[in-house]
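Have a look at work22.pdb; it's PDB, C-alpha atoms and all ligand atoms:
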ATOM      1  CA  MET A  11      -5.794 -23.699  34.170
ATOM      2  CA  THR A  12      -5.782 -20.116  35.314
ATOM      3  CA  ALA A  13      -2.633 -18.798  36.927
ATOM      4  CA  GLN A  14      -2.675 -17.267  40.381
ATOM      5  CA  ILE A  15      -1.683 -13.628  40.281
ATOM      6  CA  ILE A  16       1.431 -12.788  42.301
ATOM      7  CA  ASP A  17       0.489  -9.548  44.046
ATOM      8  CA  GLY A  18       3.564  -7.316  43.986
ATOM      9  CA  LYS A  19       1.614  -4.422  45.432
ATOM     10  CA  LEU A  20       0.697  -6.310  48.592
ATOM     11  CA  ARG A  21       4.200  -7.727  49.053
ATOM     12  CA  ALA A  22       5.881  -4.363  48.408
ATOM     13  CA  ALA A  23       3.592  -2.660  50.935
ATOM     14  CA  ALA A  24       4.500  -5.266  53.564
ATOM     15  CA  LEU A  25       8.223  -4.808  52.921
ATOM     16  CA  THR A  26       7.938  -1.015  52.976
ATOM     17  CA  THR A  27       6.119  -1.181  56.310
ATOM     18  CA  ARG A  28       8.907  -3.343  57.749
ATOM     19  CA  VAL A  29      11.539  -0.901  56.504
ATOM     20  CA  THR A  30       9.598   2.057  57.945
ATOM     21  CA  VAL A  31       9.512   0.387  61.370
ATOM     22  CA  GLU A  32      13.246  -0.318  61.168
ATOM     23  CA  VAL A  33      14.039   3.277  60.175
ATOM     24  CA  ALA A  34      12.097   4.526  63.218
ATOM     25  CA  ALA A  35      14.029   2.110  65.468
ATOM     26  CA  LEU A  36      17.400   3.205  64.031
ATOM     27  CA  LYS A  37      16.524   6.852  64.687
ATOM     28  CA  ARG A  38      15.272   6.157  68.209
ATOM     29  CA  ASP A  39      17.956   3.723  69.363
ATOM     30  CA  HIS A  40      21.023   4.930  67.460
ATOM     31  CA  GLY A  41      20.299   8.465  66.243
ATOM     32  CA  LEU A  42      20.820   7.105  62.726
ATOM     33  CA  THR A  43      18.644   8.354  59.845
ATOM     34  CA  PRO A  44      19.324   6.361  56.667
ATOM     35  CA  GLY A  45      19.899   8.748  53.759
ATOM     36  CA  LEU A  46      19.344   8.113  50.055
ATOM     37  CA  ALA A  47      20.579  10.309  47.199
ATOM     38  CA  VAL A  48      19.104   9.758  43.753
ATOM     39  CA  VAL A  49      20.685  11.400  40.709
ATOM     40  CA  LEU A  50      18.755  11.915  37.484
ATOM     41  CA  VAL A  51      20.432  13.316  34.373
ATOM     42  CA  GLY A  52      18.178  14.586  31.583
ATOM     43  CA  ASP A  53      14.438  14.286  31.128
ATOM     44  CA  ASP A  54      13.647  10.691  30.155
ATOM     45  CA  PRO A  55       9.925  10.476  31.052
ATOM     46  CA  ALA A  56      10.036   6.958  32.534
ATOM     47  CA  SER A  57      13.120   7.804  34.623
ATOM     48  CA  GLN A  58      11.395  10.925  35.950
ATOM     49  CA  ILE A  59       8.502   8.809  37.219
ATOM     50  CA  TYR A  60      10.824   6.242  38.834
ATOM     51  CA  VAL A  61      12.977   8.906  40.467
ATOM     52  CA  ARG A  62       9.968  10.765  41.864
ATOM     53  CA  SER A  63       8.667   7.517  43.328
ATOM     54  CA  LYS A  64      12.045   6.714  44.925
ATOM     55  CA  GLY A  65      12.143  10.158  46.545
ATOM     56  CA  GLU A  66       8.539  10.044  47.784
ATOM     57  CA  GLN A  67       8.774   6.529  49.160
ATOM     58  CA  SER A  68      12.076   7.017  50.939
ATOM     59  CA  ARG A  69      10.703  10.160  52.603
ATOM     60  CA  ALA A  70       7.479   8.341  53.525
ATOM     61  CA  ALA A  71       9.589   5.636  55.185
ATOM     62  CA  GLY A  72      11.207   8.316  57.370
ATOM     63  CA  MET A  73      14.533   8.480  55.553
ATOM     64  CA  HIS A  74      16.621  11.473  54.644
ATOM     65  CA  SER A  75      16.130  11.782  50.894
ATOM     66  CA  VAL A  76      17.714  14.040  48.303
ATOM     67  CA  THR A  77      17.122  14.083  44.557
ATOM     68  CA  HIS A  78      19.595  15.768  42.212
ATOM     69  CA  ARG A  79      18.066  16.611  38.839
ATOM     70  CA  LEU A  80      20.766  17.574  36.349
ATOM     71  CA  PRO A  81      20.355  18.844  32.784
ATOM     72  CA  ALA A  82      20.880  16.415  29.890
ATOM     73  CA  ALA A  83      23.999  18.362  28.865
ATOM     74  CA  THR A  84      25.758  17.663  32.187
ATOM     75  CA  THR A  85      29.329  16.514  31.567
ATOM     76  CA  GLN A  86      30.612  13.168  32.765
ATOM     77  CA  ALA A  87      33.206  14.951  34.877
ATOM     78  CA  ASP A  88      30.534  17.017  36.645
ATOM     79  CA  LEU A  89      28.395  13.936  37.262
ATOM     80  CA  ILE A  90      31.342  12.019  38.703
ATOM     81  CA  ALA A  91      32.196  15.035  40.873
ATOM     82  CA  LEU A  92      28.648  14.937  42.308
ATOM     83  CA  VAL A  93      28.919  11.190  42.966
ATOM     84  CA  ARG A  94      32.191  11.772  44.854
ATOM     85  CA  GLN A  95      30.570  14.555  46.876
ATOM     86  CA  LEU A  96      27.744  12.175  47.840
ATOM     87  CA  ASN A  97      30.282   9.432  48.676
ATOM     88  CA  ALA A  98      31.836  11.860  51.164
ATOM     89  CA  ASP A  99      28.533  13.083  52.673
ATOM     90  CA  PRO A 100      27.982  11.444  56.095
ATOM     91  CA  ALA A 101      24.193  12.014  55.884
ATOM     92  CA  ILE A 102      24.003   9.863  52.725
ATOM     93  CA  HIS A 103      24.187   6.050  52.899
ATOM     94  CA  GLY A 104      22.837   5.187  49.453
ATOM     95  CA  VAL A 105      23.843   6.703  46.095
ATOM     96  CA  LEU A 106      21.773   5.796  43.041
ATOM     97  CA  VAL A 107      22.413   7.178  39.568
ATOM     98  CA  GLN A 108      19.295   6.537  37.497
ATOM     99  CA  LEU A 109      19.904   4.713  34.194
ATOM    100  CA  PRO A 110      19.927   5.139  31.260
ATOM    101  CA  LEU A 111      22.309   8.100  31.149
ATOM    102  CA  PRO A 112      22.583  10.425  28.125
ATOM    103  CA  LYS A 113      24.716   8.942  25.335
ATOM    104  CA  HIS A 114      27.720  11.220  25.874
ATOM    105  CA  ILE A 115      28.232   9.772  29.375
ATOM    106  CA  ASP A 116      29.914   6.394  29.972
ATOM    107  CA  ASP A 117      27.686   4.777  32.607
ATOM    108  CA  LYS A 118      30.410   2.277  33.562
ATOM    109  CA  GLN A 119      32.746   5.087  34.614
ATOM    110  CA  VAL A 120      30.012   6.812  36.600
ATOM    111  CA  ILE A 121      29.041   3.600  38.402
ATOM    112  CA  ALA A 122      32.711   2.905  39.115
ATOM    113  CA  ALA A 123      32.871   6.205  40.986
ATOM    114  CA  ILE A 124      30.172   5.129  43.496
ATOM    115  CA  ASP A 125      31.503   4.027  46.884
ATOM    116  CA  PRO A 126      30.654   0.268  47.006
ATOM    117  CA  ALA A 127      29.462   0.745  50.606
ATOM    118  CA  LYS A 128      26.817   3.196  49.324
ATOM    119  CA  ASP A 129      26.043   1.318  46.097
ATOM    120  CA  VAL A 130      22.381   0.536  46.895
ATOM    121  CA  ASP A 131      21.823  -0.446  43.249
ATOM    122  CA  GLY A 132      24.477  -3.179  43.576
ATOM    123  CA  LEU A 133      25.992  -2.212  40.236
ATOM    124  CA  THR A 134      29.635  -1.568  41.113
ATOM    125  CA  ILE A 135      32.115  -4.234  40.094
ATOM    126  CA  ALA A 136      32.872  -4.759  43.790
ATOM    127  CA  ASN A 137      29.260  -5.677  44.612
ATOM    128  CA  ALA A 138      28.612  -7.603  41.376
ATOM    129  CA  GLY A 139      31.829  -9.567  42.014
ATOM    130  CA  ARG A 140      30.856 -10.284  45.613
ATOM    131  CA  LEU A 141      27.443 -11.519  44.456
ATOM    132  CA  ALA A 142      29.021 -13.740  41.789
ATOM    133  CA  SER A 143      31.442 -15.075  44.433
ATOM    134  CA  GLY A 144      28.614 -15.932  46.825
ATOM    135  CA  LEU A 145      29.684 -13.256  49.335
ATOM    136  CA  PRO A 146      27.314 -10.835  51.093
ATOM    137  CA  ALA A 147      26.773  -7.855  48.791
ATOM    138  CA  LEU A 148      24.501  -4.930  48.103
ATOM    139  CA  THR A 149      22.366  -6.547  45.399
ATOM    140  CA  PRO A 150      20.370  -4.961  42.542
ATOM    141  CA  CYS A 151      16.842  -4.114  43.648
ATOM    142  CA  THR A 152      14.723  -5.634  40.878
ATOM    143  CA  PRO A 153      16.381  -9.072  41.172
ATOM    144  CA  LEU A 154      15.947  -8.928  44.969
ATOM    145  CA  GLY A 155      12.270  -8.147  44.466
ATOM    146  CA  CYS A 156      11.867 -11.076  42.053
ATOM    147  CA  MET A 157      13.444 -13.456  44.580
ATOM    148  CA  ILE A 158      11.124 -12.304  47.376
ATOM    149  CA  LEU A 159       8.103 -12.933  45.142
ATOM    150  CA  LEU A 160       9.409 -16.363  44.095
ATOM    151  CA  ARG A 161      10.166 -17.447  47.672
ATOM    152  CA  ASP A 162       6.742 -16.250  48.845
ATOM    153  CA  THR A 163       5.089 -18.150  46.016
ATOM    154  CA  LEU A 164       7.078 -21.381  45.849
ATOM    155  CA  GLY A 165       8.852 -21.610  49.212
ATOM    156  CA  ASP A 166      12.084 -23.578  48.858
ATOM    157  CA  LEU A 167      13.521 -23.176  45.346
ATOM    158  CA  THR A 168      16.072 -25.985  45.640
ATOM    159  CA  GLY A 169      16.552 -27.971  42.447
ATOM    160  CA  LYS A 170      14.020 -26.010  40.424
ATOM    161  CA  ARG A 171      14.767 -25.439  36.753
ATOM    162  CA  ALA A 172      14.918 -21.660  36.314
ATOM    163  CA  LEU A 173      15.202 -19.780  33.043
ATOM    164  CA  VAL A 174      16.221 -16.130  32.901
ATOM    165  CA  ILE A 175      15.617 -14.460  29.539
ATOM    166  CA  GLY A 176      17.922 -11.445  29.291
ATOM    167  CA  ARG A 177      21.512 -10.911  30.397
ATOM    168  CA  SER A 178      21.552  -7.268  31.456
ATOM    169  CA  VAL A 179      23.811  -6.056  34.231
ATOM    170  CA  LEU A 180      20.784  -4.536  35.991
ATOM    171  CA  VAL A 181      18.521  -7.617  36.001
ATOM    172  CA  GLY A 182      19.400 -10.760  34.015
ATOM    173  CA  ARG A 183      22.887 -11.418  35.337
ATOM    174  CA  PRO A 184      22.249 -10.677  39.008
ATOM    175  CA  ILE A 185      19.001 -12.644  39.144
ATOM    176  CA  ALA A 186      20.773 -15.626  37.606
ATOM    177  CA  GLN A 187      23.287 -15.383  40.463
ATOM    178  CA  LEU A 188      20.535 -15.196  43.093
ATOM    179  CA  LEU A 189      18.703 -18.182  41.614
ATOM    180  CA  LEU A 190      21.973 -20.118  41.640
ATOM    181  CA  GLN A 191      22.489 -19.193  45.305
ATOM    182  CA  ALA A 192      18.984 -20.550  45.937
ATOM    183  CA  ASP A 193      20.162 -23.887  44.464
ATOM    184  CA  CYS A 194      18.145 -23.630  41.247
ATOM    185  CA  THR A 195      19.420 -25.116  38.000
ATOM    186  CA  VAL A 196      19.815 -21.890  36.055
ATOM    187  CA  THR A 197      19.733 -21.226  32.322
ATOM    188  CA  VAL A 198      20.315 -17.737  30.922
ATOM    189  CA  ALA A 199      18.802 -17.157  27.485
ATOM    190  CA  HIS A 200      19.332 -14.071  25.330
ATOM    191  CA  SER A 201      18.883 -12.703  21.833
ATOM    192  CA  LYS A 202      21.215 -15.315  20.317
ATOM    193  CA  THR A 203      19.631 -18.313  22.061
ATOM    194  CA  ARG A 204      18.409 -21.001  19.651
ATOM    195  CA  ASP A 205      15.050 -22.744  20.073
ATOM    196  CA  LEU A 206      13.861 -20.405  22.834
ATOM    197  CA  PRO A 207      10.317 -21.873  22.952
ATOM    198  CA  ASP A 208      11.775 -25.307  23.731
ATOM    199  CA  VAL A 209      14.087 -23.837  26.364
ATOM    200  CA  CYS A 210      11.085 -22.080  27.960
ATOM    201  CA  GLY A 211       9.154 -25.339  27.989
ATOM    202  CA  GLU A 212      11.659 -26.776  30.486
ATOM    203  CA  ALA A 213      11.417 -23.921  32.980
ATOM    204  CA  GLU A 214       9.590 -24.294  36.281
ATOM    205  CA  ILE A 215      10.585 -20.690  36.990
ATOM    206  CA  LEU A 216      10.635 -18.238  34.085
ATOM    207  CA  VAL A 217      12.002 -14.719  34.554
ATOM    208  CA  ALA A 218      11.448 -12.482  31.529
ATOM    209  CA  ALA A 219      13.758  -9.459  31.446
ATOM    210  CA  ILE A 220      14.148  -8.727  27.773
ATOM    211  CA  GLY A 221      12.520  -5.353  27.192
ATOM    212  CA  ARG A 222      10.286  -6.469  24.304
ATOM    213  CA  PRO A 223       6.519  -6.132  24.683
ATOM    214  CA  ARG A 224       4.614  -9.462  25.037
ATOM    215  CA  PHE A 225       7.608 -11.350  23.616
ATOM    216  CA  VAL A 226       7.148 -14.581  25.610
ATOM    217  CA  GLN A 227       4.189 -16.482  24.160
ATOM    218  CA  GLY A 228       1.690 -18.445  26.222
ATOM    219  CA  ALA A 229       2.387 -21.594  24.206
ATOM    220  CA  TRP A 230       6.090 -21.487  25.201
ATOM    221  CA  ILE A 231       5.366 -21.689  28.917
ATOM    222  CA  ARG A 232       5.552 -24.923  30.879
ATOM    223  CA  PRO A 233       2.131 -25.667  32.445
ATOM    224  CA  GLY A 234       2.177 -24.707  36.120
ATOM    225  CA  ALA A 235       5.364 -22.595  35.897
ATOM    226  CA  ALA A 236       5.967 -19.507  38.025
ATOM    227  CA  VAL A 237       6.352 -16.579  35.620
ATOM    228  CA  ILE A 238       8.044 -13.368  36.749
ATOM    229  CA  ASP A 239       7.646 -10.559  34.231
ATOM    230  CA  VAL A 240      10.218  -7.796  34.647
ATOM    231  CA  GLY A 241       9.273  -5.970  31.436
ATOM    232  CA  VAL A 242       8.046  -2.377  31.420
ATOM    233  CA  ASN A 243       7.150  -1.548  27.811
ATOM    234  CA  ARG A 244       5.001   1.342  26.664
ATOM    235  CA  VAL A 245       2.723   0.371  23.748
ATOM    236  CA  PRO A 246      -0.277   1.942  21.997
ATOM    237  CA  PHE A 247      -3.737   1.051  23.367
ATOM    238  CA  ASP A 248      -5.371  -2.067  21.837
ATOM    239  CA  ASP A 249      -8.436  -0.005  20.921
ATOM    240  CA  PRO A 250      -7.574   1.582  17.511
ATOM    241  CA  ALA A 251      -9.391   4.855  18.258
ATOM    242  CA  ALA A 252      -7.528   5.285  21.533
ATOM    243  CA  ALA A 253      -4.232   4.299  19.856
ATOM    244  CA  ALA A 254      -4.857   6.858  17.113
ATOM    245  CA  ALA A 255      -5.369   9.472  19.829
ATOM    246  CA  GLY A 256      -1.855   8.634  21.046
ATOM    247  CA  LYS A 257      -2.922   6.773  24.212
ATOM    248  CA  THR A 258      -0.367   4.313  25.514
ATOM    249  CA  LYS A 259      -0.227   1.715  28.265
ATOM    250  CA  VAL A 260       2.440  -0.359  29.978
ATOM    251  CA  VAL A 261       2.784  -4.072  29.220
ATOM    252  CA  GLY A 262       5.327  -6.692  30.226
ATOM    253  CA  ASP A 263       7.668  -8.976  28.297
ATOM    254  CA  VAL A 264       5.114 -11.806  28.559
ATOM    255  CA  ALA A 265       1.856 -12.120  26.596
ATOM    256  CA  PHE A 266      -0.088 -11.996  29.851
ATOM    257  CA  LYS A 267      -3.537 -13.218  28.784
ATOM    258  CA  ALA A 268      -2.284 -16.332  27.022
ATOM    259  CA  ALA A 269       0.399 -16.990  29.628
ATOM    260  CA  SER A 270      -2.037 -16.820  32.527
ATOM    261  CA  LYS A 271      -3.987 -19.712  31.002
ATOM    262  CA  VAL A 272      -0.893 -21.942  31.203
ATOM    263  CA  ALA A 273       1.260 -20.731  34.091
ATOM    264  CA  GLY A 274       0.701 -21.679  37.732
ATOM    265  CA  TRP A 275       1.597 -18.205  38.977
ATOM    266  CA  ILE A 276       2.298 -14.962  37.163
ATOM    267  CA  THR A 277       3.181 -11.363  38.011
ATOM    268  CA  PRO A 278       1.010  -8.698  36.373
ATOM    269  CA  VAL A 279       2.418  -5.587  34.677
ATOM    270  CA  PRO A 280       1.882  -3.108  36.207
ATOM    271  CA  GLY A 281       1.389  -4.290  39.785
ATOM    272  CA  GLY A 282       4.050  -6.990  39.940
ATOM    273  CA  VAL A 283       7.823  -6.680  40.074
ATOM    274  CA  GLY A 284       8.002  -2.901  39.536
ATOM    275  CA  LEU A 285       6.583  -2.087  42.952
ATOM    276  CA  MET A 286       9.059  -4.431  44.620
ATOM    277  CA  THR A 287      12.031  -2.576  43.143
ATOM    278  CA  VAL A 288      11.535   0.591  45.191
ATOM    279  CA  ALA A 289      10.747  -1.382  48.367
ATOM    280  CA  CYS A 290      14.029  -3.286  47.921
ATOM    281  CA  LEU A 291      15.867   0.000  47.341
ATOM    282  CA  LEU A 292      14.628   1.223  50.728
ATOM    283  CA  GLN A 293      15.731  -2.068  52.291
ATOM    284  CA  ASN A 294      19.184  -1.776  50.680
ATOM    285  CA  THR A 295      19.542   1.797  51.938
ATOM    286  CA  VAL A 296      18.803   0.691  55.514
ATOM    287  CA  ALA A 297      21.281  -2.183  55.131
ATOM    288  CA  ALA A 298      23.956   0.213  53.818
ATOM    289  CA  ALA A 299      23.308   2.704  56.637
ATOM    290  CA  LYS A 300      23.625  -0.032  59.266
ATOM    291  CA  ALA A 301      26.804  -1.430  57.717
ATOM    292  CA  ILE A 302      28.405   2.022  57.478
ATOM    293  CA  ALA A 303      27.464   2.707  61.125
ATOM    294  CA  GLY A 304      28.833  -0.694  62.198
ATOM    295  CA  LEU A 305      25.390  -1.943  63.286
ATOM    296  CA  SER A 306      24.839  -4.932  61.006
TER     297      SER A 306
HETATM  298  N1  LIG B   1      16.660   2.242  35.484
HETATM  299  C1  LIG B   1      15.689   1.285  35.489
HETATM  300  N2  LIG B   1      15.781   0.529  36.594
HETATM  301  C2  LIG B   1      16.832   0.996  37.304
HETATM  302  C3  LIG B   1      17.422   0.619  38.547
HETATM  303  O1  LIG B   1      17.015  -0.318  39.239
HETATM  304  N3  LIG B   1      18.492   1.372  38.927
HETATM  305  C4  LIG B   1      18.973   2.395  38.176
HETATM  306  N4  LIG B   1      20.030   3.055  38.639
HETATM  307  N5  LIG B   1      18.456   2.768  37.029
HETATM  308  C5  LIG B   1      17.391   2.068  36.597
END

If you convert what's in this file into structure tokens, what do you get?
Amino acid sequence: MTAQIIDGKLRAAALTTRVTVEVAALKRDHGLTPGLAVVLVGDDPASQIYVRSKGEQSRAAGMHSVTHRLPAATTQADLIALVRQLNADPAIHGVLVQLPLPKHIDDKQVIAAIDPAKDVDGLTIANAGRLASGLPALTPCTPLGCMILLRDTLGDLTGKRALVIGRSVLVGRPIAQLLLQADCTVTVAHSKTRDLPDVCGEAEILVAAIGRPRFVQGAWIRPGAAVIDVGVNRVPFDDPAAAAAGKTKVVGDVAFKAASKVAGWITPVPGGVGLMTVACLLQNTVAAAKAIAGLS
């Protein structure tokens, strides 16, 4: 069997187009321009790429977009002061503080300072609690993107056995909640899980969000399963000469080649979930703008 590739690029482009049309309508009909503020502290290379993409894509969708780039030595107090300033800015409807933050800053305290109404990352306790309670909430973007891909691929998810590997606040936990809301039977595995290959073998839906390159083996996967690979891991090139020259590439948490011989559907890395994340961020920013303006 050869898995069908789930095309995140195509799906993200469709979603971005829909958001762009909605932004134009909000401007025309209500004089409302959704505004997104992204805050980056320090010079983590991956974060710089993500933040640039968030700025470019929100502008391309017609939004008001500001990016604050702060030095790595920024104090927690100064960062929280900026978040509060953005909370109070009527032109801003979404506030995103890019993670990870430098070690001297407590990310929980920074996230807690974000106005839940502008929390387009869905990371505040208010939004995470609403999601866990089954209430409408601003929901983390990567999990939202995964759910769109799964619904497009499988249709109704009712009763499906879903396995999430990873329990992070950013991905594992919220996607488990979304799968539960979709009436899946949800298992969350993590670094202490025993007999992971056997647990994987049960899963009709497998979401890998571990952060370890090619960790999930092809032989673990249930034949015909839908595999969503959230991993973004930088590894040396397979070719030894290129690796010796310091060339790197991005791979997922799933051993793609072997997995695609067993799975029914699989997301590639790159070109899968990653592209959906920014599209969902734009969608969340529009939703936040409408809610703040009383339009939803
Ligand atoms: N770092 C990696 N992914 C994300 C994300 O979705 N949001 C934030 N704030 N930081 C991230």

Tell me, in Å to one decimal, how far CA of Gly262 in chain A is from CA of Val279 in chain A.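 Atom-to-atom, CA of Gly262 in chain A and CA of Val279 in chain A are spaced 5.4 Å apart.
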
Calculate how many Å separate CA of Val93 in chain A from CA of Ile124 in chain A, rounding to one decimal.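 Distance reported for this atom pair: 6.2 Å.
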
Between CA of Trp230 in chain A and CA of Met286 in chain A, measure the distance and give it in Å to one decimal. 26.0 Å

All residues 7 Å or closer to range 231-245 of chain A, only C-alpha atoms, same chain fewer than 5 positions away omitted, as a compact mmCIF listing (two decimals) with C-alpha atoms, keeping the file's coordinate frame:
# COMPACT_ATOMS: atom_id res chain seq x y z
CA CYS A 156 11.87 -11.08 42.05
CA CYS A 210 11.08 -22.08 27.96
CA GLY A 211 9.15 -25.34 27.99
CA GLU A 212 11.66 -26.78 30.49
CA ALA A 213 11.42 -23.92 32.98
CA GLU A 214 9.59 -24.29 36.28
CA ILE A 215 10.58 -20.69 36.99
CA LEU A 216 10.64 -18.24 34.08
CA VAL A 217 12.00 -14.72 34.55
CA ALA A 218 11.45 -12.48 31.53
CA ALA A 219 13.76 -9.46 31.45
CA ILE A 220 14.15 -8.73 27.77
CA GLY A 221 12.52 -5.35 27.19
CA ARG A 222 10.29 -6.47 24.30
CA PRO A 223 6.52 -6.13 24.68
CA THR A 258 -0.37 4.31 25.51
CA LYS A 259 -0.23 1.72 28.26
CA VAL A 260 2.44 -0.36 29.98
CA VAL A 261 2.78 -4.07 29.22
CA GLY A 262 5.33 -6.69 30.23
CA ASP A 263 7.67 -8.98 28.30
CA VAL A 264 5.11 -11.81 28.56
CA ALA A 269 0.40 -16.99 29.63
CA VAL A 272 -0.89 -21.94 31.20
CA ALA A 273 1.26 -20.73 34.09
CA GLY A 274 0.70 -21.68 37.73
CA TRP A 275 1.60 -18.20 38.98
CA ILE A 276 2.30 -14.96 37.16
CA THR A 277 3.18 -11.36 38.01
CA VAL A 283 7.82 -6.68 40.07

Could you list the protein, DNA and RNA residues that have any atom within 10 Å of ligand LIG 1 (chain B), counting all atoms listed in the file, and write them as a ChimeraX atom specification? /A:48-50,56-57,60-61,105-111,117,121,129-133,150-153,180-181,242,284,287-288,290-291

Would you mind telling me which residue in A:Thr295, A:Asp88, A:Pro246, A:Ala229 lies nearest to Ala268 in chain A when using all atoms listed in the file?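 Closest residue, counting all atoms listed in the file: A:Ala229.
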
Could you state which residues are captured by the PyMOL selection byres (((chain A and resi 142) around 10) and not hetatm) in this file, as a list in words?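 Applying the PyMOL selection byres (((chain A and resi 142) around 10) and not hetatm) to the structure shown produces Ala136, Asn137, Ala138, Gly139, Arg140, Leu141, Ser143, Gly144, Leu145, Pro146, Ala147, Arg183, Pro184, Ala186, Gln187, Leu188, Leu190 and Gln191 of chain A.
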
Take the residues just selected and output them with C-alpha atoms as an mmCIF file, in the frame of the given file.
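Just written: selection.cif:
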data_model
loop_
_atom_site.group_PDB
_atom_site.id
_atom_site.type_symbol
_atom_site.label_atom_id
_atom_site.label_comp_id
_atom_site.auth_asym_id
_atom_site.auth_seq_id
_atom_site.Cartn_x
_atom_site.Cartn_y
_atom_site.Cartn_z
ATOM 1 C CA ALA A 136 32.872 -4.759 43.790
ATOM 2 C CA ASN A 137 29.260 -5.677 44.612
ATOM 3 C CA ALA A 138 28.612 -7.603 41.376
ATOM 4 C CA GLY A 139 31.829 -9.567 42.014
ATOM 5 C CA ARG A 140 30.856 -10.284 45.613
ATOM 6 C CA LEU A 141 27.443 -11.519 44.456
ATOM 7 C CA SER A 143 31.442 -15.075 44.433
ATOM 8 C CA GLY A 144 28.614 -15.932 46.825
ATOM 9 C CA LEU A 145 29.684 -13.256 49.335
ATOM 10 C CA PRO A 146 27.314 -10.835 51.093
ATOM 11 C CA ALA A 147 26.773 -7.855 48.791
ATOM 12 C CA ARG A 183 22.887 -11.418 35.337
ATOM 13 C CA PRO A 184 22.249 -10.677 39.008
ATOM 14 C CA ALA A 186 20.773 -15.626 37.606
ATOM 15 C CA GLN A 187 23.287 -15.383 40.463
ATOM 16 C CA LEU A 188 20.535 -15.196 43.093
ATOM 17 C CA LEU A 190 21.973 -20.118 41.640
ATOM 18 C CA GLN A 191 22.489 -19.193 45.305
#

Enclosing box along x, y and z for every listed atom of range 114-118 of chain A, padded 5 Å each side, centre and size in Å, one decimal, as JSON:
{"center_x": 29.0, "center_y": 6.7, "center_z": 29.7, "size_x": 12.7, "size_y": 18.9, "size_z": 17.7}

Given the file above and the PyMOL selection byres (((chain A and resi 175) around 6) and not hetatm), which residues are selected, and can you give them as a count of residues only? 7
